[in-house]
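Structure data (mmCIF, C-alpha atoms (C1' of nucleotides)) from target04.cif:
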```cif
data_target
loop_
_atom_site.label_atom_id
_atom_site.label_comp_id
_atom_site.auth_asym_id
_atom_site.auth_seq_id
_atom_site.Cartn_x
_atom_site.Cartn_y
_atom_site.Cartn_z
CA MET I 1 -123.06 -89.06 97.37
CA LEU I 2 -119.76 -90.28 98.68
CA SER I 3 -116.82 -88.09 97.72
CA LYS I 4 -113.85 -89.43 95.83
CA LYS I 5 -111.82 -88.93 98.95
CA THR I 6 -113.93 -91.46 100.79
CA LYS I 7 -113.88 -93.88 97.88
CA TYR I 8 -110.12 -93.60 97.68
CA ALA I 9 -109.88 -94.22 101.38
CA LEU I 10 -111.98 -97.35 101.08
CA HIS I 11 -109.87 -98.55 98.17
CA ALA I 12 -106.68 -97.98 100.07
CA LEU I 13 -108.05 -99.70 103.15
CA THR I 14 -109.18 -102.75 101.22
CA TYR I 15 -105.86 -102.95 99.41
CA LEU I 16 -103.95 -102.77 102.66
CA SER I 17 -106.28 -105.30 104.22
CA LYS I 18 -105.71 -107.76 101.42
CA ASN I 19 -101.95 -107.33 101.74
CA ARG I 20 -101.62 -107.42 105.47
CA ASP I 21 -99.04 -110.18 105.32
CA LYS I 22 -96.70 -108.25 103.06
CA GLY I 23 -95.48 -105.68 105.55
CA PRO I 24 -95.49 -101.92 104.94
CA ILE I 25 -96.79 -100.89 101.53
CA LEU I 26 -95.70 -97.80 99.63
CA ILE I 27 -98.07 -94.92 98.96
CA ASN I 28 -96.88 -95.17 95.40
CA GLU I 29 -97.97 -98.76 95.04
CA ILE I 30 -101.51 -97.91 96.11
CA SER I 31 -101.71 -94.75 94.05
CA ARG I 32 -100.57 -96.60 90.95
CA GLU I 33 -102.98 -99.46 91.61
CA TYR I 34 -106.01 -97.18 91.69
CA GLY I 35 -104.84 -94.20 89.65
CA ILE I 36 -104.88 -91.80 92.57
CA SER I 37 -102.45 -88.89 92.69
CA HIS I 38 -99.64 -89.57 95.13
CA LYS I 39 -100.08 -86.37 97.10
CA PHE I 40 -103.83 -86.66 97.38
CA LEU I 41 -103.54 -90.20 98.64
CA GLU I 42 -100.82 -89.13 101.05
CA ASN I 43 -103.27 -86.88 102.85
CA ILE I 44 -105.91 -89.55 102.97
CA LEU I 45 -103.58 -92.18 104.38
CA LEU I 46 -102.37 -89.74 106.97
CA GLU I 47 -105.93 -89.12 108.11
CA LEU I 48 -106.55 -92.82 108.29
CA LYS I 49 -103.43 -93.22 110.34
CA LYS I 50 -104.41 -90.48 112.77
CA ALA I 51 -107.78 -92.10 113.11
CA GLY I 52 -106.04 -95.26 114.24
CA PHE I 53 -106.77 -97.56 111.33
CA LEU I 54 -103.32 -97.57 109.83
CA GLY I 55 -99.76 -97.68 111.03
CA SER I 56 -96.74 -96.47 109.13
CA LYS I 57 -93.04 -96.87 108.97
CA LYS I 58 -90.60 -94.33 107.64
CA GLY I 59 -87.45 -94.84 105.63
CA LYS I 60 -86.40 -97.69 103.41
CA GLY I 61 -88.75 -100.61 103.60
CA GLY I 62 -91.33 -98.28 105.04
CA GLY I 63 -94.92 -97.68 104.09
CA TYR I 64 -98.41 -98.11 105.46
CA TYR I 65 -100.06 -101.15 106.96
CA MET I 66 -103.32 -102.08 108.63
CA ILE I 67 -103.41 -101.92 112.39
CA LYS I 68 -106.99 -102.82 112.96
CA ASP I 69 -108.75 -105.98 111.98
CA PRO I 70 -110.93 -105.15 108.96
CA LYS I 71 -113.83 -106.53 110.97
CA ASP I 72 -113.33 -103.68 113.42
CA VAL I 73 -113.53 -100.90 110.85
CA PRO I 74 -117.19 -100.00 110.34
CA LEU I 75 -117.96 -98.21 107.09
CA SER I 76 -119.75 -95.51 109.06
CA THR I 77 -116.50 -94.50 110.73
CA VAL I 78 -114.59 -94.22 107.48
CA ILE I 79 -117.32 -92.22 105.79
CA ARG I 80 -117.66 -89.85 108.71
CA LEU I 81 -113.93 -89.33 108.89
CA LEU I 82 -113.49 -88.38 105.24
CA ASP I 83 -116.89 -87.10 104.22
CA GLY I 84 -118.37 -85.78 107.42
CA PRO I 85 -122.00 -86.17 108.43
CA ILE I 86 -124.07 -89.09 107.27
CA ALA I 87 -127.37 -87.45 108.14
CA LEU I 88 -129.29 -85.50 105.51
CA LEU I 89 -129.86 -82.54 107.83
CA PRO I 90 -127.44 -80.92 110.27
CA CYS I 91 -130.15 -80.96 112.93
CA VAL I 92 -130.28 -84.76 112.94
CA SER I 93 -126.55 -85.37 112.75
CA LEU I 94 -125.15 -87.25 115.72
CA ASN I 95 -121.52 -86.36 115.13
CA TYR I 96 -121.81 -83.01 113.40
CA TYR I 97 -124.96 -81.59 114.95
CA GLU I 98 -126.06 -78.06 114.20
CA PRO I 99 -129.49 -76.60 114.79
CA CYS I 100 -131.32 -75.56 111.65
CA GLU I 101 -131.99 -71.86 111.25
CA GLU I 102 -135.37 -72.09 109.64
CA CYS I 103 -137.19 -74.56 111.82
CA GLN I 104 -138.55 -73.12 115.05
CA ASP I 105 -139.29 -76.23 117.05
CA GLN I 106 -137.18 -79.27 116.41
CA ALA I 107 -139.30 -81.49 118.60
CA THR I 108 -142.35 -80.96 116.45
CA CYS I 109 -140.64 -80.50 113.09
CA GLY I 110 -141.99 -83.12 110.77
CA LEU I 111 -138.97 -83.10 108.51
CA ASN I 112 -136.59 -83.49 111.41
CA SER I 113 -138.26 -86.68 112.58
CA VAL I 114 -138.35 -88.20 109.11
CA MET I 115 -134.69 -87.47 108.57
CA ALA I 116 -133.84 -88.88 111.96
CA GLN I 117 -135.49 -92.10 110.85
CA VAL I 118 -133.46 -92.12 107.65
CA ARG I 119 -130.30 -91.53 109.63
CA ASP I 120 -131.08 -94.39 111.98
CA GLU I 121 -131.71 -96.88 109.20
CA THR I 122 -128.64 -95.77 107.29
CA LEU I 123 -126.44 -96.00 110.35
CA LYS I 124 -127.84 -99.38 111.27
CA ILE I 125 -126.38 -100.70 108.02
CA LEU I 126 -123.17 -98.71 107.89
CA LYS I 127 -122.26 -99.55 111.46
CA MET I 128 -122.93 -103.22 110.97
CA LYS I 129 -120.99 -103.47 107.73
CA SER I 130 -117.24 -103.34 108.08
CA LEU I 131 -114.28 -103.22 105.76
CA ASP I 132 -114.24 -106.97 105.95
CA ASP I 133 -117.66 -107.11 104.32
CA ILE I 134 -116.52 -105.32 101.19
CA LEU I 135 -113.33 -107.30 100.81
CA LYS I 136 -114.88 -110.26 99.02
CA VAL I 137 -113.91 -109.20 95.52
CA GLU I 138 -114.20 -105.45 95.26
CA MET T 1 -126.97 -83.35 103.08
CA LEU T 2 -130.04 -81.78 101.58
CA SER T 3 -129.33 -78.58 99.66
CA LYS T 4 -130.99 -75.31 100.53
CA LYS T 5 -132.84 -75.59 97.28
CA THR T 6 -134.58 -78.74 98.46
CA LYS T 7 -135.26 -77.29 101.88
CA TYR T 8 -136.72 -74.17 100.30
CA ALA T 9 -138.85 -76.34 98.05
CA LEU T 10 -140.19 -78.25 101.02
CA HIS T 11 -140.91 -75.02 102.86
CA ALA T 12 -142.75 -73.59 99.89
CA LEU T 13 -144.72 -76.76 99.41
CA THR T 14 -145.78 -76.94 103.03
CA TYR T 15 -146.72 -73.28 103.01
CA LEU T 16 -148.81 -73.70 99.89
CA SER T 17 -150.36 -76.84 101.31
CA LYS T 18 -151.41 -75.06 104.47
CA ASN T 19 -152.94 -72.25 102.44
CA ARG T 20 -154.67 -74.24 99.79
CA ASP T 21 -157.98 -72.52 100.45
CA LYS T 22 -156.59 -69.04 99.89
CA GLY T 23 -156.19 -69.17 96.12
CA PRO T 24 -152.95 -68.28 94.31
CA ILE T 25 -150.14 -67.13 96.58
CA LEU T 26 -147.42 -64.70 95.62
CA ILE T 27 -143.79 -65.74 95.32
CA ASN T 28 -143.06 -62.70 97.43
CA GLU T 29 -145.25 -63.86 100.27
CA ILE T 30 -143.41 -67.16 100.48
CA SER T 31 -139.98 -65.65 100.07
CA ARG T 32 -140.67 -63.13 102.84
CA GLU T 33 -142.08 -65.84 105.09
CA TYR T 34 -138.92 -67.94 104.93
CA GLY T 35 -136.28 -65.37 104.03
CA ILE T 36 -135.59 -66.83 100.62
CA SER T 37 -134.43 -64.58 97.79
CA HIS T 38 -137.29 -63.91 95.41
CA LYS T 39 -135.39 -64.96 92.32
CA PHE T 40 -134.05 -68.16 93.74
CA LEU T 41 -137.48 -69.17 94.92
CA GLU T 42 -138.89 -68.30 91.52
CA ASN T 43 -136.72 -70.97 89.91
CA ILE T 44 -137.68 -73.52 92.51
CA LEU T 45 -141.39 -72.90 92.17
CA LEU T 46 -141.09 -73.16 88.43
CA GLU T 47 -139.44 -76.55 88.73
CA LEU T 48 -142.14 -77.69 91.10
CA LYS T 49 -144.74 -76.52 88.64
CA LYS T 50 -143.12 -78.33 85.73
CA ALA T 51 -142.99 -81.44 87.87
CA GLY T 52 -146.73 -81.22 88.28
CA PHE T 53 -146.99 -80.37 91.97
CA LEU T 54 -147.98 -76.76 91.57
CA GLY T 55 -150.19 -74.69 89.34
CA SER T 56 -149.79 -70.99 88.66
CA LYS T 57 -151.70 -68.02 87.43
CA LYS T 58 -150.17 -64.94 85.86
CA GLY T 59 -151.17 -61.32 86.25
CA LYS T 60 -152.94 -59.56 89.06
CA GLY T 61 -154.37 -61.92 91.59
CA GLY T 62 -151.97 -64.53 90.31
CA GLY T 63 -149.48 -66.73 92.13
CA TYR T 64 -148.83 -70.36 92.89
CA TYR T 65 -151.10 -73.01 94.35
CA MET T 66 -151.00 -76.72 95.12
CA ILE T 67 -152.41 -79.01 92.48
CA LYS T 68 -151.69 -82.31 94.16
CA ASP T 69 -152.93 -83.55 97.46
CA PRO T 70 -150.03 -83.33 99.93
CA LYS T 71 -150.59 -87.00 100.62
CA ASP T 72 -149.61 -87.68 97.01
CA VAL T 73 -146.29 -85.89 97.17
CA PRO T 74 -143.65 -88.29 98.51
CA LEU T 75 -140.56 -86.67 99.95
CA SER T 76 -138.43 -88.87 97.73
CA THR T 77 -139.85 -87.21 94.62
CA VAL T 78 -139.18 -83.69 95.86
CA ILE T 79 -135.65 -84.51 96.92
CA ARG T 80 -134.85 -86.21 93.65
CA LEU T 81 -136.25 -83.33 91.65
CA LEU T 82 -134.22 -80.63 93.37
CA ASP T 83 -131.20 -82.48 94.69
CA GLY T 84 -130.80 -85.38 92.31
CA PRO T 85 -129.83 -88.88 93.39
CA ILE T 86 -130.66 -90.19 96.82
CA ALA T 87 -128.18 -93.05 96.60
CA LEU T 88 -124.67 -92.66 97.98
CA LEU T 89 -123.05 -94.07 94.86
CA PRO T 90 -123.93 -93.44 91.20
CA CYS T 91 -123.80 -97.17 90.55
CA VAL T 92 -126.69 -97.86 92.91
CA SER T 93 -128.85 -94.93 91.87
CA LEU T 94 -132.20 -95.95 90.45
CA ASN T 95 -132.99 -92.62 88.79
CA TYR T 96 -129.53 -91.31 88.03
CA TYR T 97 -127.56 -94.47 87.43
CA GLU T 98 -123.99 -94.35 86.23
CA PRO T 99 -121.46 -97.17 86.35
CA CYS T 100 -118.49 -96.51 88.60
CA GLU T 101 -115.14 -96.26 86.90
CA GLU T 102 -113.06 -97.95 89.53
CA CYS T 103 -115.00 -101.07 90.31
CA GLN T 104 -114.58 -103.85 87.82
CA ASP T 105 -117.48 -106.09 88.65
CA GLN T 106 -120.58 -104.53 90.07
CA ALA T 107 -122.21 -107.84 90.80
CA THR T 108 -119.48 -108.83 93.22
CA CYS T 109 -118.56 -105.40 94.49
CA GLY T 110 -119.00 -105.39 98.24
CA LEU T 111 -119.46 -101.67 98.49
CA ASN T 112 -122.09 -101.64 95.78
CA SER T 113 -124.26 -104.11 97.63
CA VAL T 114 -123.98 -102.30 100.94
CA MET T 115 -124.90 -99.00 99.35
CA ALA T 116 -127.82 -100.63 97.57
CA GLN T 117 -129.09 -101.70 100.97
CA VAL T 118 -128.74 -98.18 102.30
CA ARG T 119 -130.59 -96.84 99.29
CA ASP T 120 -133.41 -99.31 99.77
CA GLU T 121 -133.91 -98.46 103.43
CA THR T 122 -133.71 -94.74 102.77
CA LEU T 123 -136.20 -94.94 99.93
CA LYS T 124 -138.53 -97.08 101.97
CA ILE T 125 -138.92 -94.16 104.35
CA LEU T 126 -138.82 -91.28 101.89
CA LYS T 127 -141.38 -92.87 99.60
CA MET T 128 -143.72 -93.65 102.45
CA LYS T 129 -143.49 -90.19 103.97
CA SER T 130 -145.29 -87.47 102.09
CA LEU T 131 -145.61 -83.73 102.34
CA ASP T 132 -148.65 -84.34 104.47
CA ASP T 133 -146.51 -86.04 107.09
CA ILE T 134 -144.35 -83.00 107.66
CA LEU T 135 -147.23 -80.56 107.80
CA LYS T 136 -148.07 -81.11 111.45
CA VAL T 137 -146.28 -78.07 112.81
CA GLU T 138 -143.13 -77.38 110.89
"C1'" DC Z 1 -73.24 -90.95 105.55
"C1'" DA Z 2 -76.59 -91.59 101.75
"C1'" DT Z 3 -80.88 -93.07 100.42
"C1'" DT Z 4 -85.48 -93.89 101.06
"C1'" DT Z 5 -89.83 -92.83 102.49
"C1'" DA Z 6 -93.30 -91.03 105.46
"C1'" DC Z 7 -94.62 -86.53 107.31
"C1'" DC Z 8 -96.03 -81.71 107.16
"C1'" DC Z 9 -97.11 -77.19 105.27
"C1'" DT Z 10 -98.44 -73.99 101.81
"C1'" DA Z 11 -100.24 -72.62 97.71
"C1'" DT Z 12 -102.53 -72.93 93.48
"C1'" DA Z 13 -105.72 -74.13 89.92
"C1'" DA Z 14 -109.39 -76.43 87.70
"C1'" DT Z 15 -113.93 -77.81 88.12
"C1'" DA Z 16 -118.50 -78.36 89.90
"C1'" DT Z 17 -122.14 -77.01 92.79
"C1'" DT Z 18 -124.89 -73.88 95.00
"C1'" DG Z 19 -127.00 -69.73 95.65
"C1'" DA Z 20 -128.16 -65.18 94.15
"C1'" DT Z 21 -129.05 -61.36 90.78
"C1'" DG Z 22 -130.54 -58.43 86.77
"C1'" DG Z 23 -133.19 -57.48 82.89
"C1'" DG Z 24 -136.58 -58.31 80.02
"C1'" DT Z 25 -141.21 -60.87 78.13
"C1'" DT Z 26 -145.82 -62.57 78.49
"C1'" DT Z 27 -150.16 -63.10 80.51
"C1'" DT Z 28 -154.04 -61.45 83.10
"C1'" DA Z 29 -157.23 -58.53 85.83
"C1'" DT Z 30 -159.02 -54.08 86.35
"C1'" DA L 1 -153.90 -48.88 78.78
"C1'" DT L 2 -151.86 -49.93 83.07
"C1'" DA L 3 -150.20 -52.57 86.60
"C1'" DA L 4 -149.32 -56.94 88.56
"C1'" DA L 5 -147.33 -61.08 88.49
"C1'" DA L 6 -145.46 -65.27 86.57
"C1'" DC L 7 -142.07 -66.59 83.15
"C1'" DC L 8 -137.55 -66.93 80.92
"C1'" DC L 9 -132.67 -66.15 79.95
"C1'" DA L 10 -128.15 -65.17 81.08
"C1'" DT L 11 -124.69 -64.38 84.21
"C1'" DC L 12 -122.24 -63.85 88.27
"C1'" DA L 13 -120.51 -64.81 93.12
"C1'" DA L 14 -119.45 -67.80 96.68
"C1'" DT L 15 -118.15 -72.08 98.11
"C1'" DA L 16 -116.66 -76.84 98.03
"C1'" DT L 17 -114.37 -80.42 95.71
"C1'" DT L 18 -110.68 -82.48 93.41
"C1'" DA L 19 -106.21 -82.44 92.11
"C1'" DT L 20 -101.46 -80.90 91.54
"C1'" DA L 21 -97.15 -78.89 92.88
"C1'" DG L 22 -93.26 -77.61 95.62
"C1'" DG L 23 -90.83 -77.27 99.47
"C1'" DG L 24 -88.96 -79.04 103.14
"C1'" DT L 25 -88.30 -82.24 107.83
"C1'" DA L 26 -87.81 -86.55 110.31
"C1'" DA L 27 -86.92 -91.19 110.74
"C1'" DA L 28 -85.20 -95.57 109.35
"C1'" DT L 29 -82.17 -98.66 106.71
"C1'" DG L 30 -77.90 -100.25 104.99
#
```

Re-express the file's structure as structure tokens.
Amino acid sequence: MLSKKTKYALHALTYLSKNRDKGPILINEISREYGISHKFLENILLELKKAGFLGSKKGKGGGYYMIKDPKDVPLSTVIRLLDGPIALLPCVSLNYYEPCEECQDQATCGLNSVMAQVRDETLKILKMKSLDDILKVE
Amino acid sequence: MLSKKTKYALHALTYLSKNRDKGPILINEISREYGISHKFLENILLELKKAGFLGSKKGKGGGYYMIKDPKDVPLSTVIRLLDGPIALLPCVSLNYYEPCEECQDQATCGLNSVMAQVRDETLKILKMKSLDDILKVE
DNA sequence: CATTTACCCTATAATATTGATGGGTTTTAT
DNA sequence: ATAAAACCCATCAATATTATAGGGTAAATG
């Protein structure tokens, strides 16, 4: 399941995408819009900025704004950033790999190969689908 | 990510599948084999029994044993039983559906439709693959 | 200079999930 | 009758998640 953090991030990103022409947008505006606590959202937006999706401007008239084209923000990247691994097992995670303690031989582990398949199919979709694809209505 | 509970369940099931000819098998034997606490495993085996995968016999010479053919135990069923929903959003879960608070219109929600796709592809694999498929070596 | 607003850090608490434990009951074989 | 083992109940411990709060600093605007 996606965490609220990730959902909030996606909400914020879609909101900022829809309002790209309006210049910097206040944290407060977004948090009010979606009922997210100001401070919690602050952290999320900061992460999104550090990841290169958003820009920001301080001081009066400041706020956050999209840097990237929504088409260039795959859902997989957002989910990984906020939620971590997409894979169902650490031993099949591409970005957060860890060997599994129990299984002796990964190459011949039946579960490993099934979960690698699941990961591949999931990623195929989440990499293809971008922010732009969920903008329609939301 | 799969919980330890689910992983333990899969381990127990594969162990019992491999030893189907040996009659009832002690909780202790399985817990020693995989380093799972006896009590925790007890709960898991009980759930698997109630779900109809396992049978049990009390008293001396008792233990747990497979009832179903491993071919008839899809991974999706085991995961759902122990871990709950497979979907990434409650609003696209087939077995644990809940509407999402934020989104106004599910029919036109872009995220909903993407996650439904992911669910479908994931389920396609996890329904097709059974316990039997992960028995090879493990 | 004063105000605004993002930025950064810490801490806390409430809640949920996950994993583990302890103690006792019932069934069964010998 | 005794011992073995599943069964059942309650609770706790550890961890992660979600959210809130407070304090301040830095930059930009007017």

Checklist entry - Could you spell out the hits of the PyMOL selection byres ((chain I) within 10 of (chain T)) on the shown file, as JSON, numbers by chain? => result {"I": [1, 2, 3, 7, 8, 10, 11, 34, 35, 75, 84, 85, 86, 87, 88, 89, 90, 93, 102, 103, 104, 105, 106, 107, 108, 109, 110, 111, 112, 113, 114, 115, 117, 118, 119, 120, 121, 122, 123, 124, 125, 126, 129, 130, 131, 132, 133, 134, 135, 136, 137, 138]}

Checklist entry - So what do you get for CA of Asn19 in chain I versus CA of Tyr64 in chain I, distance-wise? => result 10.6 Å

Checklist entry - If we count all atoms listed in the file, which residues of chain T reach to within 6 Å of chain Z? Please list them as a list in words. => result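 Result: Lys58, Gly59 and Lys60 of chain T.
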
As a compact mmCIF listing (two decimals) with C-alpha atoms, keeping the file's coordinate frame, please: chain I after a least-squares superposition onto chain T using all C-alpha atoms matched in order.
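Once written, result_0.txt looks like this:
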```
# COMPACT_ATOMS: atom_id res chain seq x y z
CA MET I 1 -126.98 -83.44 103.14
CA LEU I 2 -130.01 -81.83 101.62
CA SER I 3 -129.27 -78.62 99.74
CA LYS I 4 -130.92 -75.35 100.61
CA LYS I 5 -132.75 -75.57 97.34
CA THR I 6 -134.51 -78.71 98.48
CA LYS I 7 -135.24 -77.27 101.90
CA TYR I 8 -136.68 -74.16 100.32
CA ALA I 9 -138.80 -76.30 98.07
CA LEU I 10 -140.16 -78.22 101.03
CA HIS I 11 -140.88 -74.98 102.87
CA ALA I 12 -142.70 -73.55 99.91
CA LEU I 13 -144.68 -76.73 99.41
CA THR I 14 -145.75 -76.90 103.04
CA TYR I 15 -146.70 -73.24 103.02
CA LEU I 16 -148.79 -73.68 99.90
CA SER I 17 -150.33 -76.82 101.33
CA LYS I 18 -151.37 -75.04 104.49
CA ASN I 19 -152.91 -72.22 102.46
CA ARG I 20 -154.67 -74.23 99.83
CA ASP I 21 -157.97 -72.52 100.53
CA LYS I 22 -156.61 -69.04 99.94
CA GLY I 23 -156.19 -69.21 96.19
CA PRO I 24 -152.99 -68.30 94.34
CA ILE I 25 -150.17 -67.11 96.58
CA LEU I 26 -147.47 -64.66 95.56
CA ILE I 27 -143.84 -65.69 95.26
CA ASN I 28 -143.12 -62.64 97.35
CA GLU I 29 -145.28 -63.80 100.21
CA ILE I 30 -143.41 -67.10 100.43
CA SER I 31 -139.99 -65.55 100.01
CA ARG I 32 -140.69 -63.05 102.77
CA GLU I 33 -142.09 -65.76 105.04
CA TYR I 34 -138.93 -67.84 104.87
CA GLY I 35 -136.29 -65.26 103.98
CA ILE I 36 -135.60 -66.70 100.55
CA SER I 37 -134.49 -64.45 97.71
CA HIS I 38 -137.34 -63.82 95.30
CA LYS I 39 -135.43 -64.88 92.20
CA PHE I 40 -134.04 -68.03 93.74
CA LEU I 41 -137.46 -69.09 94.89
CA GLU I 42 -138.88 -68.25 91.48
CA ASN I 43 -136.72 -70.93 89.91
CA ILE I 44 -137.64 -73.46 92.53
CA LEU I 45 -141.36 -72.88 92.19
CA LEU I 46 -141.08 -73.13 88.45
CA GLU I 47 -139.41 -76.52 88.77
CA LEU I 48 -142.10 -77.66 91.14
CA LYS I 49 -144.70 -76.51 88.69
CA LYS I 50 -143.10 -78.34 85.78
CA ALA I 51 -142.95 -81.43 87.92
CA GLY I 52 -146.70 -81.21 88.34
CA PHE I 53 -146.96 -80.36 92.01
CA LEU I 54 -147.96 -76.75 91.62
CA GLY I 55 -150.19 -74.71 89.39
CA SER I 56 -149.86 -71.02 88.71
CA LYS I 57 -151.83 -68.08 87.53
CA LYS I 58 -150.42 -64.99 85.90
CA GLY I 59 -151.45 -61.38 86.28
CA LYS I 60 -153.26 -59.64 89.07
CA GLY I 61 -154.54 -62.02 91.68
CA GLY I 62 -152.11 -64.57 90.36
CA GLY I 63 -149.58 -66.72 92.13
CA TYR I 64 -148.86 -70.35 92.89
CA TYR I 65 -151.09 -72.99 94.39
CA MET I 66 -151.00 -76.69 95.15
CA ILE I 67 -152.38 -79.01 92.53
CA LYS I 68 -151.66 -82.29 94.16
CA ASP I 69 -152.91 -83.54 97.47
CA PRO I 70 -150.01 -83.30 99.93
CA LYS I 71 -150.57 -86.99 100.59
CA ASP I 72 -149.58 -87.66 96.99
CA VAL I 73 -146.25 -85.86 97.15
CA PRO I 74 -143.63 -88.28 98.47
CA LEU I 75 -140.53 -86.66 99.92
CA SER I 76 -138.39 -88.86 97.69
CA THR I 77 -139.80 -87.17 94.60
CA VAL I 78 -139.13 -83.67 95.86
CA ILE I 79 -135.60 -84.50 96.93
CA ARG I 80 -134.78 -86.18 93.65
CA LEU I 81 -136.18 -83.29 91.67
CA LEU I 82 -134.14 -80.60 93.41
CA ASP I 83 -131.13 -82.46 94.73
CA GLY I 84 -130.73 -85.36 92.37
CA PRO I 85 -129.77 -88.87 93.41
CA ILE I 86 -130.62 -90.22 96.82
CA ALA I 87 -128.16 -93.09 96.60
CA LEU I 88 -124.65 -92.72 98.01
CA LEU I 89 -123.02 -94.13 94.88
CA PRO I 90 -123.88 -93.47 91.24
CA CYS I 91 -123.75 -97.21 90.57
CA VAL I 92 -126.68 -97.87 92.91
CA SER I 93 -128.81 -94.93 91.86
CA LEU I 94 -132.16 -95.90 90.39
CA ASN I 95 -132.90 -92.57 88.76
CA TYR I 96 -129.43 -91.26 88.04
CA TYR I 97 -127.49 -94.46 87.43
CA GLU I 98 -123.90 -94.35 86.26
CA PRO I 99 -121.41 -97.18 86.40
CA CYS I 100 -118.45 -96.56 88.67
CA GLU I 101 -115.07 -96.30 86.99
CA GLU I 102 -113.02 -98.01 89.62
CA CYS I 103 -115.01 -101.12 90.37
CA GLN I 104 -114.58 -103.92 87.86
CA ASP I 105 -117.50 -106.17 88.68
CA GLN I 106 -120.60 -104.57 90.08
CA ALA I 107 -122.26 -107.88 90.80
CA THR I 108 -119.54 -108.89 93.21
CA CYS I 109 -118.59 -105.46 94.52
CA GLY I 110 -119.06 -105.50 98.24
CA LEU I 111 -119.51 -101.76 98.52
CA ASN I 112 -122.12 -101.71 95.79
CA SER I 113 -124.33 -104.19 97.61
CA VAL I 114 -124.05 -102.39 100.93
CA MET I 115 -124.95 -99.09 99.35
CA ALA I 116 -127.85 -100.67 97.53
CA GLN I 117 -129.15 -101.77 100.91
CA VAL I 118 -128.79 -98.25 102.27
CA ARG I 119 -130.61 -96.88 99.26
CA ASP I 120 -133.46 -99.33 99.70
CA GLU I 121 -133.97 -98.51 103.36
CA THR I 122 -133.74 -94.79 102.73
CA LEU I 123 -136.20 -94.95 99.87
CA LYS I 124 -138.58 -97.10 101.86
CA ILE I 125 -138.96 -94.18 104.27
CA LEU I 126 -138.83 -91.30 101.83
CA LYS I 127 -141.38 -92.86 99.53
CA MET I 128 -143.75 -93.63 102.35
CA LYS I 129 -143.51 -90.19 103.91
CA SER I 130 -145.29 -87.45 102.04
CA LEU I 131 -145.62 -83.71 102.33
CA ASP I 132 -148.66 -84.34 104.45
CA ASP I 133 -146.51 -86.05 107.06
CA ILE I 134 -144.34 -83.01 107.64
CA LEU I 135 -147.22 -80.57 107.77
CA LYS I 136 -148.08 -81.14 111.42
CA VAL I 137 -146.26 -78.11 112.77
CA GLU I 138 -143.08 -77.63 110.80
```

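Running the PyMOL selection byres ((chain T) within 12 of (chain L)) on this file leaves Pro24, Ile25, Leu26, Ile27, Asn28, Lys39, Glu42, Asn43, Leu45, Leu46, Glu47, Lys49, Gly55, Ser56, Lys57, Lys58, Gly59, Lys60, Gly61, Gly62, Gly63 and Tyr64 of chain T selected.
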
Item to check | Between CA of Leu16 in chain T and CA of Ile30 in chain T - distance in Å to one decimal | outcome: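 These two atoms are separated by 8.5 Å.
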
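Taking CA of Ala12 in chain I as the reference point, CA of Lys68 in chain I is found at 13.8 Å.
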
Next on the checklist: With 8 Å as the threshold, what does the neighbourhood of (-113.9, -91.1, 105.5) contain in terms of residues, counting all atoms listed in the file? Coordinates are those of the file; answer as a count of residues only.
Outcome noted: 12

For range 13-30 of chain Z, what centre and edge lengths in Å (one decimal) does the axis-aligned box get once 3 Å is added on each side of all its listed atoms, as AutoDock Vina command-line options?
```
--center_x -132.4 --center_y -66.2 --center_z 86.9 --size_x 59.3 --size_y 30.3 --size_z 23.5
```

Incomplete range 62-71 of chain I brought to N, CA and C atoms, written out as a PDB file, in the coordinates of the input:
```pdb
ATOM      1  N   GLY I  62     -90.189 -98.831 104.310  1.00  0.00           N
ATOM      2  CA  GLY I  62     -91.330 -98.280 105.040  1.00  0.00           C
ATOM      3  C   GLY I  62     -92.608 -98.350 104.230  1.00  0.00           C
ATOM      4  N   GLY I  63     -93.628 -97.679 104.757  1.00  0.00           N
ATOM      5  CA  GLY I  63     -94.920 -97.680 104.090  1.00  0.00           C
ATOM      6  C   GLY I  63     -96.058 -97.717 105.087  1.00  0.00           C
ATOM      7  N   TYR I  64     -97.216 -98.038 104.605  1.00  0.00           N
ATOM      8  CA  TYR I  64     -98.410 -98.110 105.460  1.00  0.00           C
ATOM      9  C   TYR I  64     -98.884 -99.543 105.610  1.00  0.00           C
ATOM     10  N   TYR I  65     -99.493 -99.810 106.738  1.00  0.00           N
ATOM     11  CA  TYR I  65    -100.060-101.150 106.960  1.00  0.00           C
ATOM     12  C   TYR I  65    -101.261-101.053 107.884  1.00  0.00           C
ATOM     13  N   MET I  66    -102.140-102.032 107.778  1.00  0.00           N
ATOM     14  CA  MET I  66    -103.320-102.080 108.630  1.00  0.00           C
ATOM     15  C   MET I  66    -102.932-102.337 110.076  1.00  0.00           C
ATOM     16  N   ILE I  67    -103.571-101.632 110.976  1.00  0.00           N
ATOM     17  CA  ILE I  67    -103.410-101.920 112.390  1.00  0.00           C
ATOM     18  C   ILE I  67    -104.620-102.684 112.886  1.00  0.00           C
ATOM     19  N   LYS I  68    -105.753-102.207 112.474  1.00  0.00           N
ATOM     20  CA  LYS I  68    -106.990-102.820 112.960  1.00  0.00           C
ATOM     21  C   LYS I  68    -107.387-104.009 112.100  1.00  0.00           C
ATOM     22  N   ASP I  69    -108.103-104.904 112.716  1.00  0.00           N
ATOM     23  CA  ASP I  69    -108.750-105.980 111.980  1.00  0.00           C
ATOM     24  C   ASP I  69    -109.857-105.358 111.133  1.00  0.00           C
ATOM     25  N   PRO I  70    -109.890-105.698 109.839  1.00  0.00           N
ATOM     26  CA  PRO I  70    -110.930-105.150 108.960  1.00  0.00           C
ATOM     27  C   PRO I  70    -112.335-105.328 109.534  1.00  0.00           C
ATOM     28  N   LYS I  71    -112.520-106.323 110.335  1.00  0.00           N
ATOM     29  CA  LYS I  71    -113.830-106.530 110.970  1.00  0.00           C
ATOM     30  C   LYS I  71    -114.162-105.395 111.933  1.00  0.00           C
TER      31      LYS I  71
END
```
